[in-house]
Amino acid sequence: MTVRIISLRDQSEAKALMRDLGVETGGIEIMAPKTIPALVRINNLPIFAANILKQESLSIGADTAVSRDALTGKKKHTDCLIIGNLAHIQRLSEKLKRQPYGLNKIALELQSAFNNYQKDNFILTLKNHRLNLNSHTHIMGIINLTPDSFSGDGLLETLGSAVEYARKLADEGADMLDIGAESTRPGAKPVSAKEEIKRLIPALKRIRKEINLPISIDTYKAETAKAALDNGADIINDISALTADKKMAKIISRHKAGVVLMHMRGIPKNMQKNPAYQSLMAEIIEYLNKSIAIALEAGIGLEQIIVDPGIGFGKTMEHNLEIIKSLSQLKILGRPILIGVSRKSFLGKITDQTPRERLSSTISSNCLAVFNGAKIIRVHDVKEAKEAFTVLGRILKCPSQ
């Protein structure tokens, strides 16, 4: 007899393990949610509601942690931590539907979180492309048409060099391309839409003609987005998550394009001036939820939306590390997660390396991001990323026994 403690990532692994044990099919479906631990944090709940939540949690074999001051009545509100598994969360949400003090609303949010967190088979639907994001980790290759890229890879000088570079990224295994014509590095000064379009459109036309990959355009300006979409772009990568230009959402909707909604605190010119958060991941989730609502209201389909926590955009080094470590929290948004870590300055602060020397630190960060739920990785070094994610994918798909 051998005793082992087994760690599982999701219910699919749990089901595979139980099938290996010969468990009856109906039993597998009942027991699988019980195998995945679930910790749910709820902010600023009235203490009487928190006490009801704790009692209901205990009644189903789960628990809820609250602050000591809330139990003694010194505070009127408390953050709560529900402790259980996915099956507990499902049962608890049903019980809370009958409770007052806003707990019925929390029940709906718990049910939504439960459903979204388990989503894994994302299909990204664009006007001219349909991507199965579950088949493998998708790589977004970066093309900078700027003279002042932070990583020193700007390709503004010649049209031919941009097209040649795009072809290189495609040959190395990029699943999509992301073209930017305005630097959004910390402290960067904005450029006009006219200048951005002047830099962008000639290269976009040539790349679109020669390469049959989805093309994303890194812009927060509706005028630039329209020009790009009219000339064959498929996705708008908006660092403002539809907040900088009120016309952006409708333009994306009319073109049936995809959209990347990214979290940012401030604007590139000032975003790194002492960024601070009370609860980093909670604030990112709240911000992105609002932008998803803006997109849906404008007629953008849910299957066209991607979310990005915005590494390096209004974040300290510690914030960036926390995002990568806690990335799975964004799964409750129910949309595929994109992350852009490649060559960024927080890596250099850790390793004391220049942007072009940050390949290994980029790959290690991206592999952890994929492990924690990222579906799309935005990178400069496509070949190396492809190799790393191919190996990681094989490891993650290897059955547990």
# chains A, B, ... in the order shown; residues from 1 in each chain; ligands from 1
$ residues_around --residues "A:Asp175" --least-positions-apart "2" --cutoff "7 Å" --atoms "only C-alpha atoms" --output "count of residues only"
5
$ select_by_dssp --residues "stretch 223-372 of chain A" --states "helix (DSSP H, G or I)" --output "VMD selection string"
chain A and resid 223 to 230 248 to 254 280 to 297 302 to 304 317 to 325 327 to 333 345 to 351 355 to 357 359 to 371
$ write_last_selection --atoms "C-alpha atoms" --output "JSON list (two decimals), in the first residue's frame"
[["chain", "number", "residue", "atom", "x", "y", "z"],
["A", 223, "GLU", "CA", -9.84, 57.07, -36.00],
["A", 224, "THR", "CA", -6.78, 54.84, -36.20],
["A", 225, "ALA", "CA", -8.84, 51.74, -35.42],
["A", 226, "LYS", "CA", -11.29, 52.49, -38.24],
["A", 227, "ALA", "CA", -8.49, 53.03, -40.75],
["A", 228, "ALA", "CA", -6.85, 49.77, -39.68],
["A", 229, "LEU", "CA", -10.07, 47.74, -39.76],
["A", 230, "ASP", "CA", -10.91, 49.16, -43.19],
["A", 248, "MET", "CA", -14.08, 53.00, -30.29],
["A", 249, "ALA", "CA", -16.62, 50.40, -29.15],
["A", 250, "LYS", "CA", -19.10, 51.12, -31.96],
["A", 251, "ILE", "CA", -16.38, 51.03, -34.61],
["A", 252, "ILE", "CA", -15.19, 47.63, -33.39],
["A", 253, "SER", "CA", -18.79, 46.39, -33.28],
["A", 254, "ARG", "CA", -19.57, 47.54, -36.83],
["A", 280, "LEU", "CA", -4.88, 45.05, -6.89],
["A", 281, "MET", "CA", -6.65, 42.03, -8.37],
["A", 282, "ALA", "CA", -10.09, 43.15, -7.19],
["A", 283, "GLU", "CA", -9.61, 46.55, -8.82],
["A", 284, "ILE", "CA", -8.39, 45.01, -12.08],
["A", 285, "ILE", "CA", -11.40, 42.67, -12.17],
["A", 286, "GLU", "CA", -13.83, 45.50, -11.43],
["A", 287, "TYR", "CA", -12.27, 47.70, -14.14],
["A", 288, "LEU", "CA", -12.35, 44.96, -16.78],
["A", 289, "ASN", "CA", -15.92, 44.00, -15.88],
["A", 290, "LYS", "CA", -16.99, 47.58, -16.60],
["A", 291, "SER", "CA", -15.19, 47.53, -19.95],
["A", 292, "ILE", "CA", -16.79, 44.21, -20.87],
["A", 293, "ALA", "CA", -20.17, 45.83, -20.16],
["A", 294, "ILE", "CA", -19.26, 48.78, -22.44],
["A", 295, "ALA", "CA", -18.31, 46.36, -25.21],
["A", 296, "LEU", "CA", -21.49, 44.29, -24.90],
["A", 297, "GLU", "CA", -23.67, 47.40, -24.84],
["A", 302, "LEU", "CA", -18.76, 38.10, -25.94],
["A", 303, "GLU", "CA", -16.85, 35.69, -28.19],
["A", 304, "GLN", "CA", -14.91, 38.68, -29.62],
["A", 317, "MET", "CA", 7.39, 45.58, -9.95],
["A", 318, "GLU", "CA", 5.57, 43.93, -7.03],
["A", 319, "HIS", "CA", 2.21, 44.57, -8.68],
["A", 320, "ASN", "CA", 3.40, 42.84, -11.86],
["A", 321, "LEU", "CA", 4.66, 39.83, -9.92],
["A", 322, "GLU", "CA", 1.37, 39.59, -8.02],
["A", 323, "ILE", "CA", -0.60, 39.67, -11.27],
["A", 324, "ILE", "CA", 1.37, 36.77, -12.76],
["A", 325, "LYS", "CA", 1.08, 34.76, -9.53],
["A", 327, "LEU", "CA", -3.62, 35.51, -12.82],
["A", 328, "SER", "CA", -6.14, 32.69, -12.39],
["A", 329, "GLN", "CA", -8.38, 35.13, -10.51],
["A", 330, "LEU", "CA", -9.19, 36.76, -13.86],
["A", 331, "LYS", "CA", -10.85, 33.53, -15.00],
["A", 332, "ILE", "CA", -14.04, 34.66, -13.25],
["A", 333, "LEU", "CA", -14.44, 37.24, -16.05],
["A", 345, "SER", "CA", 11.40, 46.63, -17.21],
["A", 346, "PHE", "CA", 10.28, 44.82, -14.05],
["A", 347, "LEU", "CA", 12.17, 41.77, -15.31],
["A", 348, "GLY", "CA", 15.28, 43.90, -15.74],
["A", 349, "LYS", "CA", 14.97, 45.16, -12.18],
["A", 350, "ILE", "CA", 15.14, 41.57, -10.97],
["A", 351, "THR", "CA", 17.85, 40.29, -13.33],
["A", 355, "PRO", "CA", 15.56, 44.50, -22.76],
["A", 356, "ARG", "CA", 17.21, 42.24, -25.35],
["A", 357, "GLU", "CA", 18.79, 40.13, -22.59],
["A", 359, "LEU", "CA", 14.53, 36.23, -22.91],
["A", 360, "SER", "CA", 14.82, 33.61, -20.16],
["A", 361, "SER", "CA", 13.03, 35.77, -17.59],
["A", 362, "THR", "CA", 10.30, 36.46, -20.15],
["A", 363, "ILE", "CA", 9.84, 32.75, -20.87],
["A", 364, "SER", "CA", 9.72, 31.76, -17.19],
["A", 365, "SER", "CA", 7.12, 34.46, -16.45],
["A", 366, "ASN", "CA", 5.03, 33.50, -19.46],
["A", 367, "CYS", "CA", 5.09, 29.80, -18.61],
["A", 368, "LEU", "CA", 3.73, 30.56, -15.14],
["A", 369, "ALA", "CA", 1.09, 32.81, -16.71],
["A", 370, "VAL", "CA", -0.01, 29.97, -18.99],
["A", 371, "PHE", "CA", -0.12, 27.59, -16.02]]
$ residues_around --residues "A:Leu261" --least-positions-apart "4" --cutoff "7 Å" --atoms "only C-alpha atoms" --output "ChimeraX atom specification"
/A:237-239,241,288,291,306-308
$ write_last_selection --atoms "N, CA and C atoms" --output "compact mmCIF listing (two decimals), in the first residue's frame"
# COMPACT_ATOMS: atom_id res chain seq x y z
N ASN A 237 -6.36 46.15 -30.13
CA ASN A 237 -5.75 45.97 -28.81
C ASN A 237 -5.72 47.33 -28.13
N ASP A 238 -6.73 47.60 -27.30
CA ASP A 238 -6.94 48.93 -26.73
C ASP A 238 -6.43 48.98 -25.29
N ILE A 239 -5.34 49.70 -25.07
CA ILE A 239 -4.76 49.77 -23.73
C ILE A 239 -5.66 50.50 -22.74
N ALA A 241 -9.00 50.00 -22.74
CA ALA A 241 -10.20 49.16 -22.57
C ALA A 241 -11.48 49.92 -22.90
N LEU A 288 -12.12 45.73 -15.56
CA LEU A 288 -12.35 44.96 -16.78
C LEU A 288 -13.81 44.56 -16.92
N SER A 291 -15.51 47.42 -18.52
CA SER A 291 -15.19 47.53 -19.95
C SER A 291 -15.88 46.45 -20.77
N ILE A 306 -11.30 39.74 -25.41
CA ILE A 306 -10.13 39.21 -24.71
C ILE A 306 -9.80 40.18 -23.59
N VAL A 307 -9.31 39.69 -22.46
CA VAL A 307 -8.94 40.59 -21.36
C VAL A 307 -7.44 40.49 -21.08
N ASP A 308 -6.88 41.61 -20.62
CA ASP A 308 -5.44 41.72 -20.37
C ASP A 308 -5.25 42.52 -19.08
$ residues_around --residues "stretch 160-163 of chain A" --least-positions-apart "3" --cutoff "7 Å" --atoms "only C-alpha atoms" --output "list in words"
Leu155, Ala166, Arg167, Ala203, Arg206 and Ile207 of chain A
$ write_last_selection --atoms "C-alpha atoms" --output "PDB file, in the first residue's frame"
ATOM      1  CA  LEU A 155      10.791  49.110 -37.591  1.00  0.00           C
ATOM      2  CA  ALA A 166       6.131  39.901 -39.982  1.00  0.00           C
ATOM      3  CA  ARG A 167       6.949  37.000 -42.293  1.00  0.00           C
ATOM      4  CA  ALA A 203       2.793  48.269 -43.524  1.00  0.00           C
ATOM      5  CA  ARG A 206       1.465  44.782 -47.268  1.00  0.00           C
ATOM      6  CA  ILE A 207       1.386  42.435 -44.282  1.00  0.00           C
TER       7      ILE A 207
END
$ select_by_dssp --residues "stretch 67-298 of chain A" --states "strand (DSSP E or B)" --output "number ranges by chain"
A: 77-85, 123-125, 130-132, 138-144, 176-180, 215-218, 235-238, 258-262
$ residues_around --residues "stretch 15-25 of chain A" --least-positions-apart "6" --cutoff "12 Å" --atoms "only C-alpha atoms" --output "list in words"
Ile6, Ser7, Leu8, Arg9, Met31, Ala32, Pro33, Lys34, Thr35, Ile36, Lys397, Cys398, Pro399, Ser400 and Gln401 of chain A
$ write_last_selection --atoms "N, CA and C atoms" --output "PDB file, in the first residue's frame"
ATOM      1  N   ILE A   6      -2.209  14.059  -4.135  1.00  0.00           N
ATOM      2  CA  ILE A   6      -2.251  14.425  -5.551  1.00  0.00           C
ATOM      3  C   ILE A   6      -2.766  15.852  -5.703  1.00  0.00           C
ATOM      4  N   SER A   7      -2.109  16.622  -6.533  1.00  0.00           N
ATOM      5  CA  SER A   7      -2.518  17.992  -6.838  1.00  0.00           C
ATOM      6  C   SER A   7      -3.123  18.028  -8.239  1.00  0.00           C
ATOM      7  N   LEU A   8      -4.323  18.590  -8.349  1.00  0.00           N
ATOM      8  CA  LEU A   8      -5.027  18.667  -9.628  1.00  0.00           C
ATOM      9  C   LEU A   8      -5.266  20.123 -10.007  1.00  0.00           C
ATOM     10  N   ARG A   9      -5.188  20.426 -11.298  1.00  0.00           N
ATOM     11  CA  ARG A   9      -5.382  21.797 -11.774  1.00  0.00           C
ATOM     12  C   ARG A   9      -6.852  22.114 -12.003  1.00  0.00           C
ATOM     13  N   MET A  31     -18.644  13.876  -8.128  1.00  0.00           N
ATOM     14  CA  MET A  31     -17.473  14.082  -7.268  1.00  0.00           C
ATOM     15  C   MET A  31     -16.435  15.054  -7.820  1.00  0.00           C
ATOM     16  N   ALA A  32     -16.386  15.241  -9.132  1.00  0.00           N
ATOM     17  CA  ALA A  32     -15.337  16.082  -9.722  1.00  0.00           C
ATOM     18  C   ALA A  32     -15.274  17.488  -9.125  1.00  0.00           C
ATOM     19  N   PRO A  33     -16.408  18.200  -8.931  1.00  0.00           N
ATOM     20  CA  PRO A  33     -16.320  19.546  -8.343  1.00  0.00           C
ATOM     21  C   PRO A  33     -15.784  19.558  -6.915  1.00  0.00           C
ATOM     22  N   LYS A  34     -15.878  18.406  -6.231  1.00  0.00           N
ATOM     23  CA  LYS A  34     -15.390  18.335  -4.855  1.00  0.00           C
ATOM     24  C   LYS A  34     -13.862  18.260  -4.783  1.00  0.00           C
ATOM     25  N   THR A  35     -13.212  18.003  -5.914  1.00  0.00           N
ATOM     26  CA  THR A  35     -11.759  17.824  -5.907  1.00  0.00           C
ATOM     27  C   THR A  35     -10.984  19.126  -6.054  1.00  0.00           C
ATOM     28  N   ILE A  36     -11.673  20.213  -6.409  1.00  0.00           N
ATOM     29  CA  ILE A  36     -10.980  21.472  -6.703  1.00  0.00           C
ATOM     30  C   ILE A  36     -11.228  22.477  -5.581  1.00  0.00           C
ATOM     31  N   LYS A 397      -0.839  18.413 -20.300  1.00  0.00           N
ATOM     32  CA  LYS A 397      -1.807  17.441 -20.809  1.00  0.00           C
ATOM     33  C   LYS A 397      -1.482  16.012 -20.376  1.00  0.00           C
ATOM     34  N   CYS A 398      -0.339  15.831 -19.742  1.00  0.00           N
ATOM     35  CA  CYS A 398       0.031  14.500 -19.259  1.00  0.00           C
ATOM     36  C   CYS A 398      -0.902  14.104 -18.110  1.00  0.00           C
ATOM     37  N   PRO A 399      -1.546  12.950 -18.159  1.00  0.00           N
ATOM     38  CA  PRO A 399      -2.522  12.583 -17.120  1.00  0.00           C
ATOM     39  C   PRO A 399      -1.873  12.330 -15.762  1.00  0.00           C
ATOM     40  N   SER A 400      -2.603  12.717 -14.700  1.00  0.00           N
ATOM     41  CA  SER A 400      -2.171  12.406 -13.333  1.00  0.00           C
ATOM     42  C   SER A 400      -2.687  11.026 -12.960  1.00  0.00           C
ATOM     43  N   GLN A 401      -1.897  10.290 -12.182  1.00  0.00           N
ATOM     44  CA  GLN A 401      -2.322   8.944 -11.772  1.00  0.00           C
ATOM     45  C   GLN A 401      -2.098   8.743 -10.283  1.00  0.00           C
TER      46      GLN A 401
END
$ closest_residue --among "A:Arg4, A:Gln11, A:Ile339, A:Leu81" --to "A:Gln118" --atoms "only C-alpha atoms"
A:Gln11
$ closest_residue --among "A:Pro100, A:Pro46, A:Gly232, A:Pro186" --to "A:Asn128" --atoms "only C-alpha atoms"
A:Gly232
$ residues_around --residues "A:Leu169" --least-positions-apart "5" --cutoff "7 Å" --atoms "only C-alpha atoms" --output "tab-separated table (two decimals) with C-alpha atoms, in the first residue's frame"
chain	number	residue	atom	x	y	z
A	141	GLY	CA	4.04	38.34	-32.25
A	174	ALA	CA	3.05	33.16	-34.37
A	382	VAL	CA	8.24	33.92	-31.11
$ closest_residue --among "A:Ser57, A:Thr137, A:Asn51, A:Asn270" --to "A:Asn85" --atoms "only C-alpha atoms"
A:Ser57
$ residues_around --residues "A:Asn121" --least-positions-apart "5" --cutoff "8 Å" --atoms "only C-alpha atoms" --output "ChimeraX atom specification"
/A:132-134
$ write_last_selection --atoms "N, CA and C atoms" --output "PDB file, in the first residue's frame"
ATOM      1  N   ASN A 132      -9.580  28.497 -32.152  1.00  0.00           N
ATOM      2  CA  ASN A 132      -9.819  27.639 -30.996  1.00  0.00           C
ATOM      3  C   ASN A 132      -8.674  27.853 -30.018  1.00  0.00           C
ATOM      4  N   LEU A 133      -8.912  28.628 -28.973  1.00  0.00           N
ATOM      5  CA  LEU A 133      -7.842  28.993 -28.049  1.00  0.00           C
ATOM      6  C   LEU A 133      -7.479  27.870 -27.092  1.00  0.00           C
ATOM      7  N   ASN A 134      -8.222  26.765 -27.143  1.00  0.00           N
ATOM      8  CA  ASN A 134      -7.917  25.645 -26.255  1.00  0.00           C
ATOM      9  C   ASN A 134      -6.960  24.644 -26.895  1.00  0.00           C
TER      10      ASN A 134
END
